[in-house]
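See below for the structure under consideration.
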Amino acid sequence: MAEQDFFHSIAQAVIDGDTDAATESVHAALDAGIDPLLVLNQGLMSGADEVGKLFEQGEFFLPELMLAGRALKAAMEVVKPVLLEKYSGADSQVKGKVVSATVQTDIHDIGKNIVSSMLTAAGFEVTDMGVDVPIKSIIDKAEEVGAQVISLSALLTTSMPFMKDLIDLLEARGLRKKYIVLVGGASVTEAWAKGIGADGTARNAADAVKLARKLMNS
């Protein structure tokens, strides 16, 4: 089977919300010697991106989103240890702590989970707070764990303003310069991220890791 066939099977399983097919397809790809990063980016992320588009277009609803998220989470558990083994070597280690969360009023975690896993694989210590997290709680947790990066996710356009509220609250508390704030989600653009005062956004999880490393080292 060609690599692209493996990627298609993985992506389709995520879109279908088929947990068994997703985990089996990932196992098959890894057993065939395909790089786990490619399995993540071209298989799982491709499927997750399509699910996000279908949701935004009104073709998928909460039940489909939840099934896709379940399939993705199960498949991530298969690929994550292989990613960690291959990509958390000395050359990939970054001594940085990240607090990750989907902002309040938003319960979508597909993209956040992928980014958190990729950051972990790259050597970051990630505290994932889950979904629908109040902005004050995110800042308090960042202070508690001594994080350098706050990574925010939102799929709903109605939830995105809370990202700006968090940055405004950091400013009000005199903490803005202390943190790198990254934002992401299907509707988040570079222009919007810049407009709210975030430090950046990325098109996918791999680019998010590159951006976090770059900003950490700047």
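Here's how to read the names in the structure tokens: chain A, B, ... by the order shown, residue numbers from 1 in each chain, ligand numbers from 1 in the order shown.
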Item to check | Near-Lys164 in chain A list (8 Å; only C-alpha atoms; drop same-chain fewer than 5 positions) as a VMD selection string | outcome: chain A and resid 196 to 198
Based on the selection just made, write N, CA and C atoms of those residues as a PDB file, in the first residue's frame.
```pdb
ATOM      1  N   ILE A 196      -5.350  41.116  17.840  1.00  0.00           N
ATOM      2  CA  ILE A 196      -5.708  41.025  19.263  1.00  0.00           C
ATOM      3  C   ILE A 196      -4.474  41.081  20.161  1.00  0.00           C
ATOM      4  N   GLY A 197      -3.292  41.174  19.534  1.00  0.00           N
ATOM      5  CA  GLY A 197      -2.077  41.286  20.335  1.00  0.00           C
ATOM      6  C   GLY A 197      -1.433  39.972  20.704  1.00  0.00           C
ATOM      7  N   ALA A 198      -1.843  38.875  20.029  1.00  0.00           N
ATOM      8  CA  ALA A 198      -1.201  37.583  20.273  1.00  0.00           C
ATOM      9  C   ALA A 198       0.188  37.565  19.642  1.00  0.00           C
TER      10      ALA A 198
END
```
Checklist entry - Any idea what's packed within 10 Å of range 57-73 of chain A, counting only C-alpha atoms, ignoring anything in its chain fewer than 5 positions away? Could you give it as an NGL selection string? => result :A and (10-23 or 44-45 or 47-48 or 51-52 or 78 or 107-111 or 113-114)
Next on the checklist: Using DSSP secondary structure from the backbone, list all alpha helix (DSSP H) positions within range 1-165 of chain A, as a PyMOL selection string.
Outcome noted: chain A and resi 3-16+19-31+36-38+45-56+62-87+110-121+135-145+161-165
Item to check | Spatial neighbours of Gln42 in chain A, 12 Å, only C-alpha atoms, chain gap at least 2 places, as a list in words | outcome: Glu3, Gln4, Asp5, Phe6, Phe7, His8, Ser9, Ile10, Ala11, Gln12, Val26, Ala29, Ile34, Asp35, Pro36, Leu37, Leu38, Val39, Leu40, Leu44, Met45, Ser46, Gly47, Ala48, Asp49, Glu50, Asn204, Ala205 and Ala206 of chain A
Item to check | Residues within 12 Å of Gly130 in chain A, only C-alpha atoms, excluding chain neighbours under 5 positions, as a PyMOL selection string | outcome: chain A and resi 99-113+116+137-138+151-154
Since we have the selection now, will you write its residues out, keeping N, CA and C atoms, as a compact mmCIF listing (two decimals), in the first residue's frame?
```txt
# COMPACT_ATOMS: atom_id res chain seq x y z
N VAL A 99 0.96 26.11 28.91
CA VAL A 99 -0.40 25.85 29.38
C VAL A 99 -1.30 25.95 28.15
N SER A 100 -2.06 24.87 27.91
CA SER A 100 -2.91 24.78 26.73
C SER A 100 -4.36 24.66 27.16
N ALA A 101 -5.26 25.33 26.42
CA ALA A 101 -6.68 25.26 26.77
C ALA A 101 -7.54 25.71 25.60
N THR A 102 -8.74 25.15 25.53
CA THR A 102 -9.79 25.71 24.68
C THR A 102 -10.55 26.71 25.54
N VAL A 103 -10.72 27.91 25.02
CA VAL A 103 -11.27 28.99 25.84
C VAL A 103 -12.73 28.76 26.19
N GLN A 104 -13.18 29.52 27.20
CA GLN A 104 -14.54 29.36 27.72
C GLN A 104 -15.59 29.50 26.62
N THR A 105 -16.68 28.79 26.78
CA THR A 105 -17.84 28.67 25.88
C THR A 105 -17.56 27.78 24.67
N ASP A 106 -16.36 27.20 24.57
CA ASP A 106 -16.03 26.33 23.43
C ASP A 106 -15.60 24.96 23.96
N ILE A 107 -16.22 23.90 23.45
CA ILE A 107 -15.91 22.56 23.96
C ILE A 107 -15.15 21.71 22.94
N HIS A 108 -14.62 22.33 21.91
CA HIS A 108 -13.94 21.58 20.86
C HIS A 108 -12.46 21.40 21.19
N ASP A 109 -11.98 20.18 21.07
CA ASP A 109 -10.60 19.93 21.52
C ASP A 109 -9.73 19.19 20.51
N ILE A 110 -10.24 18.97 19.29
CA ILE A 110 -9.46 18.19 18.32
C ILE A 110 -8.12 18.87 18.03
N GLY A 111 -8.18 20.13 17.60
CA GLY A 111 -6.95 20.83 17.26
C GLY A 111 -6.04 21.01 18.46
N LYS A 112 -6.65 21.35 19.60
CA LYS A 112 -5.86 21.55 20.81
C LYS A 112 -5.10 20.28 21.19
N ASN A 113 -5.79 19.16 21.11
CA ASN A 113 -5.14 17.90 21.49
C ASN A 113 -3.95 17.57 20.59
N SER A 116 -1.10 19.98 21.51
CA SER A 116 -0.52 19.60 22.80
C SER A 116 0.38 18.38 22.65
N SER A 137 -8.68 31.36 34.93
CA SER A 137 -8.12 30.06 35.35
C SER A 137 -6.88 29.71 34.54
N ILE A 138 -6.89 30.07 33.25
CA ILE A 138 -5.74 29.80 32.39
C ILE A 138 -4.53 30.58 32.87
N SER A 151 -1.09 28.60 25.18
CA SER A 151 -1.61 28.20 23.87
C SER A 151 -3.13 28.09 23.95
N LEU A 152 -3.82 28.93 23.18
CA LEU A 152 -5.27 29.01 23.23
C LEU A 152 -5.91 28.49 21.95
N SER A 153 -7.01 27.76 22.11
CA SER A 153 -7.72 27.22 20.96
C SER A 153 -9.18 27.61 21.02
N ALA A 154 -9.77 27.83 19.83
CA ALA A 154 -11.22 28.05 19.73
C ALA A 154 -11.66 27.69 18.32
```
As a CSV table (one decimal) with C-alpha atoms, in the first residue's frame, please: every residue in range 39-200 of chain A that DSSP puts in strand (DSSP E or B).
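What landed in out_5.csv:
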```csv
chain,number,residue,atom,x,y,z
A,97,LYS,CA,6.4,25.0,29.9
A,98,VAL,CA,3.1,25.4,28.1
A,99,VAL,CA,-0.4,25.9,29.4
A,100,SER,CA,-2.9,24.8,26.7
A,101,ALA,CA,-6.7,25.3,26.8
A,102,THR,CA,-9.8,25.7,24.7
A,103,VAL,CA,-11.3,29.0,25.8
A,125,GLU,CA,6.1,20.3,29.3
A,126,VAL,CA,2.5,20.8,28.5
A,127,THR,CA,-0.3,21.3,31.0
A,128,ASP,CA,-3.6,20.7,29.1
A,133,VAL,CA,-11.8,27.0,30.5
A,149,VAL,CA,3.8,29.9,26.7
A,150,ILE,CA,0.0,30.1,26.8
A,151,SER,CA,-1.6,28.2,23.9
A,152,LEU,CA,-5.3,29.0,23.2
A,153,SER,CA,-7.7,27.2,21.0
A,180,ILE,CA,4.2,34.0,24.7
A,181,VAL,CA,0.6,33.8,23.7
A,182,LEU,CA,-0.3,31.5,20.7
A,183,VAL,CA,-3.8,31.2,19.3
A,184,GLY,CA,-5.3,28.8,17.0
A,200,GLY,CA,1.3,34.3,16.6
```
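CA of Arg173 in chain A sits 27.0 Å away from CA of Leu119 in chain A.
Among the candidates A:Asp199, A:Glu77, A:Asp31, A:Glu190, the one nearest to Ser117 in chain A when counting only C-alpha atoms is A:Glu77.
Using only C-alpha atoms, the shortest contact distance between Gly96 in chain A and any of A:Leu215, A:Leu170, A:Val82, A:Ala208 is found at A:Leu215.
Nearest residue to Met163 in chain A, choosing from A:Pro134, A:Gly33, A:Gly146, A:Gly123 and counting only C-alpha atoms: A:Pro134.
Here CA of Val209 in chain A is placed at a distance of 26.0 Å from CA of Thr158 in chain A.
Our summary of the geometry notes that CA of Thr201 in chain A is positioned 7.2 Å from CA of Thr189 in chain A.
Shortest separation to Leu175 in chain A among A:Asp207, A:Glu24, A:Asp132, A:Asp140 occurs at residue A:Asp140, atoms counted being only C-alpha atoms.
Using only C-alpha atoms for every distance, the candidate list A:Ala212, A:Ala202, A:Ala186, A:Ala142 yields A:Ala186 as the residue closest to Leu54 in chain A.
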